[in-house]
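Taking it in order: structure first as structure tokens, then the write-up.
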Amino acid sequence: MSENCTHDCSTCSSNCSERKAPQSFQAPANEFSNVKKVIAVVSGKGGVGKSMVTSLLSVLSQRKGNETAILDADITGPSIPKTFQVKEKAESSEAAIYPVKTDTGIKLMSINLLLDDETMPVIWRGPIVAGTVKQFWTDVLWEDVDLMFVDCPPGTGDVPLTVFQSLPIDGIIVVTSPQDLVSMIVGKAVKMAEMMNIPILGIVENMSYFICDKCDEKHYIYGESHLEEIAQQYGIKNIARIPVTPALRKLVDEGKIEQFEGNWLDELSNIIINY
């Protein structure tokens, strides 16, 4: 072993006696689970509508006949159960934890499905939070799932890293908003994905514009969109925009997301399903 050894065998071409095979951190799924495709939905910052995009893509997948699931990895800020108005608690046995199904059959697992009081804060340190996310993969009996979406918390910390390393992520969707600041934030998420060798399937700009009921024109209330420029800068081929829509906001607040109407994500949904 050289005195200049970094102990990272993946970056070294030497064939010394200390050389080790690349270590995999991927965790095994429950033995009765068969998840065919896993897509992580990420954002570099909070408040951009990541959970809503996760929910909309899941609804579209389920409508197209796919067995769909959502793993809510946002342990300290879970919102998926409320979006689908799921109040039933997840049950468990010695063998597994069982996901809860929405009205249309989407399988969910979220920390709020395990808490007696959904308003109780989860005050845990990073390793425990990351371990819980890992358990949602290893201990939940998902059975047959064609497409699973993982709703990640914002940023590039413990939980997104755990998701990328422990789950067999097939691709990533990045969610953003129109502000200029977001270009830098998107860059952080994109570069993390590249470092983990996970393909970025698309970028969604939420709150992109508002269509006035009176003049029927688009108004860019959060600033003019630079989505094409950002996508080109980071080599992202597929983009989608979601407008500020009072009707959609109302459905989310009422937990009726499965009733939404809109074609904003149709093309991206098809790309994910056929990927």
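Naming works like this for the structure tokens: A, B, ... for the chains as they're shown, residue 1 at the start of each chain, ligands 1 onward in shown order.
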Give me, as a VMD selection string, all polymer residues having an atom no more than 8 Å from Leu201 of chain A, counting only C-alpha atoms and skipping those fewer than 2 positions away in the same chain.
chain A and resid 171 to 173 199 203 236 to 238 271 to 272
For those residues, write N, CA, C and O atoms to a file as a compact mmCIF listing (two decimals), in the first residue's frame.
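Saved result, selection11.txt, follows:
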```txt
# COMPACT_ATOMS: atom_id res chain seq x y z
N GLY A 171 -34.05 6.60 -11.04
CA GLY A 171 -33.99 7.94 -11.62
C GLY A 171 -34.49 8.97 -10.63
O GLY A 171 -35.07 8.64 -9.60
N ILE A 172 -34.24 10.23 -10.97
CA ILE A 172 -34.58 11.34 -10.08
C ILE A 172 -35.38 12.40 -10.83
O ILE A 172 -35.10 12.70 -12.00
N ILE A 173 -36.39 12.95 -10.15
CA ILE A 173 -37.11 14.12 -10.63
C ILE A 173 -36.75 15.28 -9.71
O ILE A 173 -36.89 15.17 -8.49
N PRO A 199 -29.40 8.75 -12.82
CA PRO A 199 -29.87 9.62 -13.90
C PRO A 199 -30.98 10.57 -13.47
O PRO A 199 -31.84 10.20 -12.65
N ILE A 203 -37.10 17.75 -14.77
CA ILE A 203 -37.19 18.83 -13.81
C ILE A 203 -38.57 19.47 -13.92
O ILE A 203 -39.07 19.69 -15.03
N ILE A 236 -30.43 18.47 -18.58
CA ILE A 236 -31.70 17.80 -18.30
C ILE A 236 -32.61 17.96 -19.51
O ILE A 236 -32.94 19.08 -19.90
N LYS A 237 -33.03 16.85 -20.10
CA LYS A 237 -33.79 16.91 -21.35
C LYS A 237 -35.28 17.17 -21.15
O LYS A 237 -35.92 17.79 -22.01
N ASN A 238 -35.85 16.67 -20.07
CA ASN A 238 -37.30 16.72 -19.91
C ASN A 238 -37.71 17.74 -18.85
O ASN A 238 -37.22 17.70 -17.73
N ILE A 271 -42.68 9.42 -19.67
CA ILE A 271 -41.24 9.19 -19.73
C ILE A 271 -40.79 8.32 -18.55
O ILE A 271 -40.01 7.37 -18.71
N ILE A 272 -41.31 8.62 -17.38
CA ILE A 272 -40.96 7.84 -16.17
C ILE A 272 -41.44 6.40 -16.30
O ILE A 272 -40.70 5.45 -16.02
```
DSSP says alpha helix (DSSP H) for which residues of segment 31-234 of chain A? Put them as number ranges by chain?
A: 50-63, 80-83, 126-138, 158-166, 181-195, 227-233
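Interatomic distance, atom CA of Lys107 of chain A against atom CA of Trp142 of chain A: 7.6 Å.
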Measuring atom to atom with only C-alpha atoms, identify which of A:Val145, A:Ser183, A:Val53, A:Val163 is nearest to Phe32 of chain A.
A:Val145
I'd like the neighbourhood of segment 146-161 of chain A as a ChimeraX atom specification, where a residue qualifies if any of its atoms comes within 6 Å (using only C-alpha atoms), though same-chain residues fewer than 2 positions away should be ignored.
/A:36-46,66-74,130,163-164
With N, CA and C atoms retained, could you export that selection as a short mmCIF file (atom, residue, chain, number, x, y, z; two decimals), in the first residue's frame?
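What follows is the written file selection_29.cif:
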```cif
data_model
loop_
_atom_site.label_atom_id
_atom_site.label_comp_id
_atom_site.auth_asym_id
_atom_site.auth_seq_id
_atom_site.Cartn_x
_atom_site.Cartn_y
_atom_site.Cartn_z
N LYS A 36 -40.55 -2.87 -8.87
CA LYS A 36 -39.86 -2.91 -10.16
C LYS A 36 -39.07 -1.64 -10.46
N LYS A 37 -39.61 -0.47 -10.08
CA LYS A 37 -38.94 0.78 -10.43
C LYS A 37 -39.11 1.78 -9.29
N VAL A 38 -38.02 2.48 -8.94
CA VAL A 38 -38.05 3.45 -7.84
C VAL A 38 -37.55 4.80 -8.35
N ILE A 39 -38.38 5.82 -8.17
CA ILE A 39 -38.06 7.18 -8.61
C ILE A 39 -38.04 8.10 -7.40
N ALA A 40 -36.95 8.81 -7.18
CA ALA A 40 -36.85 9.76 -6.08
C ALA A 40 -37.22 11.16 -6.58
N VAL A 41 -38.03 11.86 -5.79
CA VAL A 41 -38.41 13.24 -6.10
C VAL A 41 -37.67 14.13 -5.11
N VAL A 42 -36.83 15.01 -5.61
CA VAL A 42 -35.94 15.78 -4.75
C VAL A 42 -36.03 17.27 -5.04
N SER A 43 -35.55 18.05 -4.09
CA SER A 43 -35.42 19.50 -4.29
C SER A 43 -34.26 19.98 -3.44
N GLY A 44 -33.61 21.04 -3.88
CA GLY A 44 -32.49 21.58 -3.12
C GLY A 44 -32.94 22.44 -1.96
N LYS A 45 -34.22 22.85 -1.96
CA LYS A 45 -34.74 23.68 -0.87
C LYS A 45 -36.19 23.30 -0.61
N GLY A 46 -36.71 23.72 0.54
CA GLY A 46 -38.08 23.40 0.89
C GLY A 46 -39.07 24.39 0.30
N ASN A 66 -50.84 1.17 -13.39
CA ASN A 66 -49.66 0.67 -12.68
C ASN A 66 -49.94 0.53 -11.19
N GLU A 67 -49.41 -0.52 -10.59
CA GLU A 67 -49.44 -0.64 -9.14
C GLU A 67 -48.42 0.37 -8.61
N THR A 68 -48.91 1.38 -7.90
CA THR A 68 -48.08 2.52 -7.54
C THR A 68 -47.97 2.66 -6.03
N ALA A 69 -46.81 3.14 -5.56
CA ALA A 69 -46.59 3.33 -4.13
C ALA A 69 -45.81 4.61 -3.89
N ILE A 70 -45.98 5.17 -2.69
CA ILE A 70 -45.20 6.33 -2.25
C ILE A 70 -44.54 6.00 -0.93
N LEU A 71 -43.23 6.14 -0.89
CA LEU A 71 -42.48 6.05 0.35
C LEU A 71 -42.16 7.47 0.77
N ASP A 72 -42.78 7.93 1.85
CA ASP A 72 -42.60 9.30 2.33
C ASP A 72 -41.35 9.36 3.19
N ALA A 73 -40.26 9.83 2.59
CA ALA A 73 -38.98 9.88 3.30
C ALA A 73 -38.78 11.19 4.06
N ASP A 74 -39.77 12.07 4.00
CA ASP A 74 -39.68 13.33 4.74
C ASP A 74 -40.21 13.08 6.16
N ALA A 130 -32.67 8.76 9.32
CA ALA A 130 -32.19 8.00 8.16
C ALA A 130 -32.50 6.51 8.32
N VAL A 163 -31.39 7.53 1.04
CA VAL A 163 -32.27 7.09 -0.05
C VAL A 163 -31.44 6.66 -1.26
N PHE A 164 -30.49 7.49 -1.64
CA PHE A 164 -29.68 7.21 -2.83
C PHE A 164 -28.81 5.96 -2.65
#
```
Do you know which residues are at most 10 Å from Leu114 of chain A counting only C-alpha atoms, after dropping those on the same chain fewer than 2 positions away, and could you put them as an MDAnalysis selection string?
chainID A and resid 88:92 97 109:112 116:118
Close residues, Asn30 of chain A itself excluded, 6 Å, only C-alpha atoms, min 2 positions apart in chain, as a ChimeraX atom specification
/A:32-33,138-139,141
Prev. selection, N, CA, C and O atoms, output as a CSV table (one decimal), in the first residue's frame:
```csv
chain,number,residue,atom,x,y,z
A,32,PHE,N,-41.1,-10.3,0.8
A,32,PHE,CA,-42.4,-10.5,0.0
A,32,PHE,C,-42.7,-9.2,-0.8
A,32,PHE,O,-43.8,-9.0,-1.2
A,33,SER,N,-41.7,-8.4,-1.0
A,33,SER,CA,-41.9,-7.2,-1.8
A,33,SER,C,-41.2,-7.3,-3.2
A,33,SER,O,-40.1,-7.9,-3.3
A,138,THR,N,-37.0,-1.7,4.0
A,138,THR,CA,-36.7,-3.1,4.4
A,138,THR,C,-37.8,-3.8,5.1
A,138,THR,O,-38.0,-5.1,5.0
A,139,ASP,N,-38.6,-3.1,5.9
A,139,ASP,CA,-39.6,-3.7,6.8
A,139,ASP,C,-41.0,-3.6,6.3
A,139,ASP,O,-41.9,-4.3,6.9
A,141,LEU,N,-44.1,-4.4,3.9
A,141,LEU,CA,-44.4,-5.4,2.9
A,141,LEU,C,-45.2,-4.7,1.8
A,141,LEU,O,-46.4,-4.6,1.8
```
With only C-alpha atoms as the atoms that count, which of A:Val252, A:Val59, A:Val86, A:Ile75 lies nearest to Thr132 of chain A?
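For Thr132 of chain A, the nearest of the given residues is A:Ile75.
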Residues flagged strand (DSSP E or B) by DSSP in segment 53-256 of chain A, as a PyMOL selection string:
chain A and resi 68-72+91-92+97-98+100-101+107-109+140+144-145+147-151+171-176+200-205+210-211+218-219+239-241
Long-range neighbours of Glu261 of chain A as an MDAnalysis selection string, 10 Å cut-off, only C-alpha atoms, 6 positions minimum in chain
chainID A and resid 56 247:248
Let me make sure I understand: among A:Tyr222, A:Phe84, A:Tyr275, A:Tyr98, which one has the smallest atom-to-atom distance to Val140 of chain A if we use only C-alpha atoms?
A:Tyr98
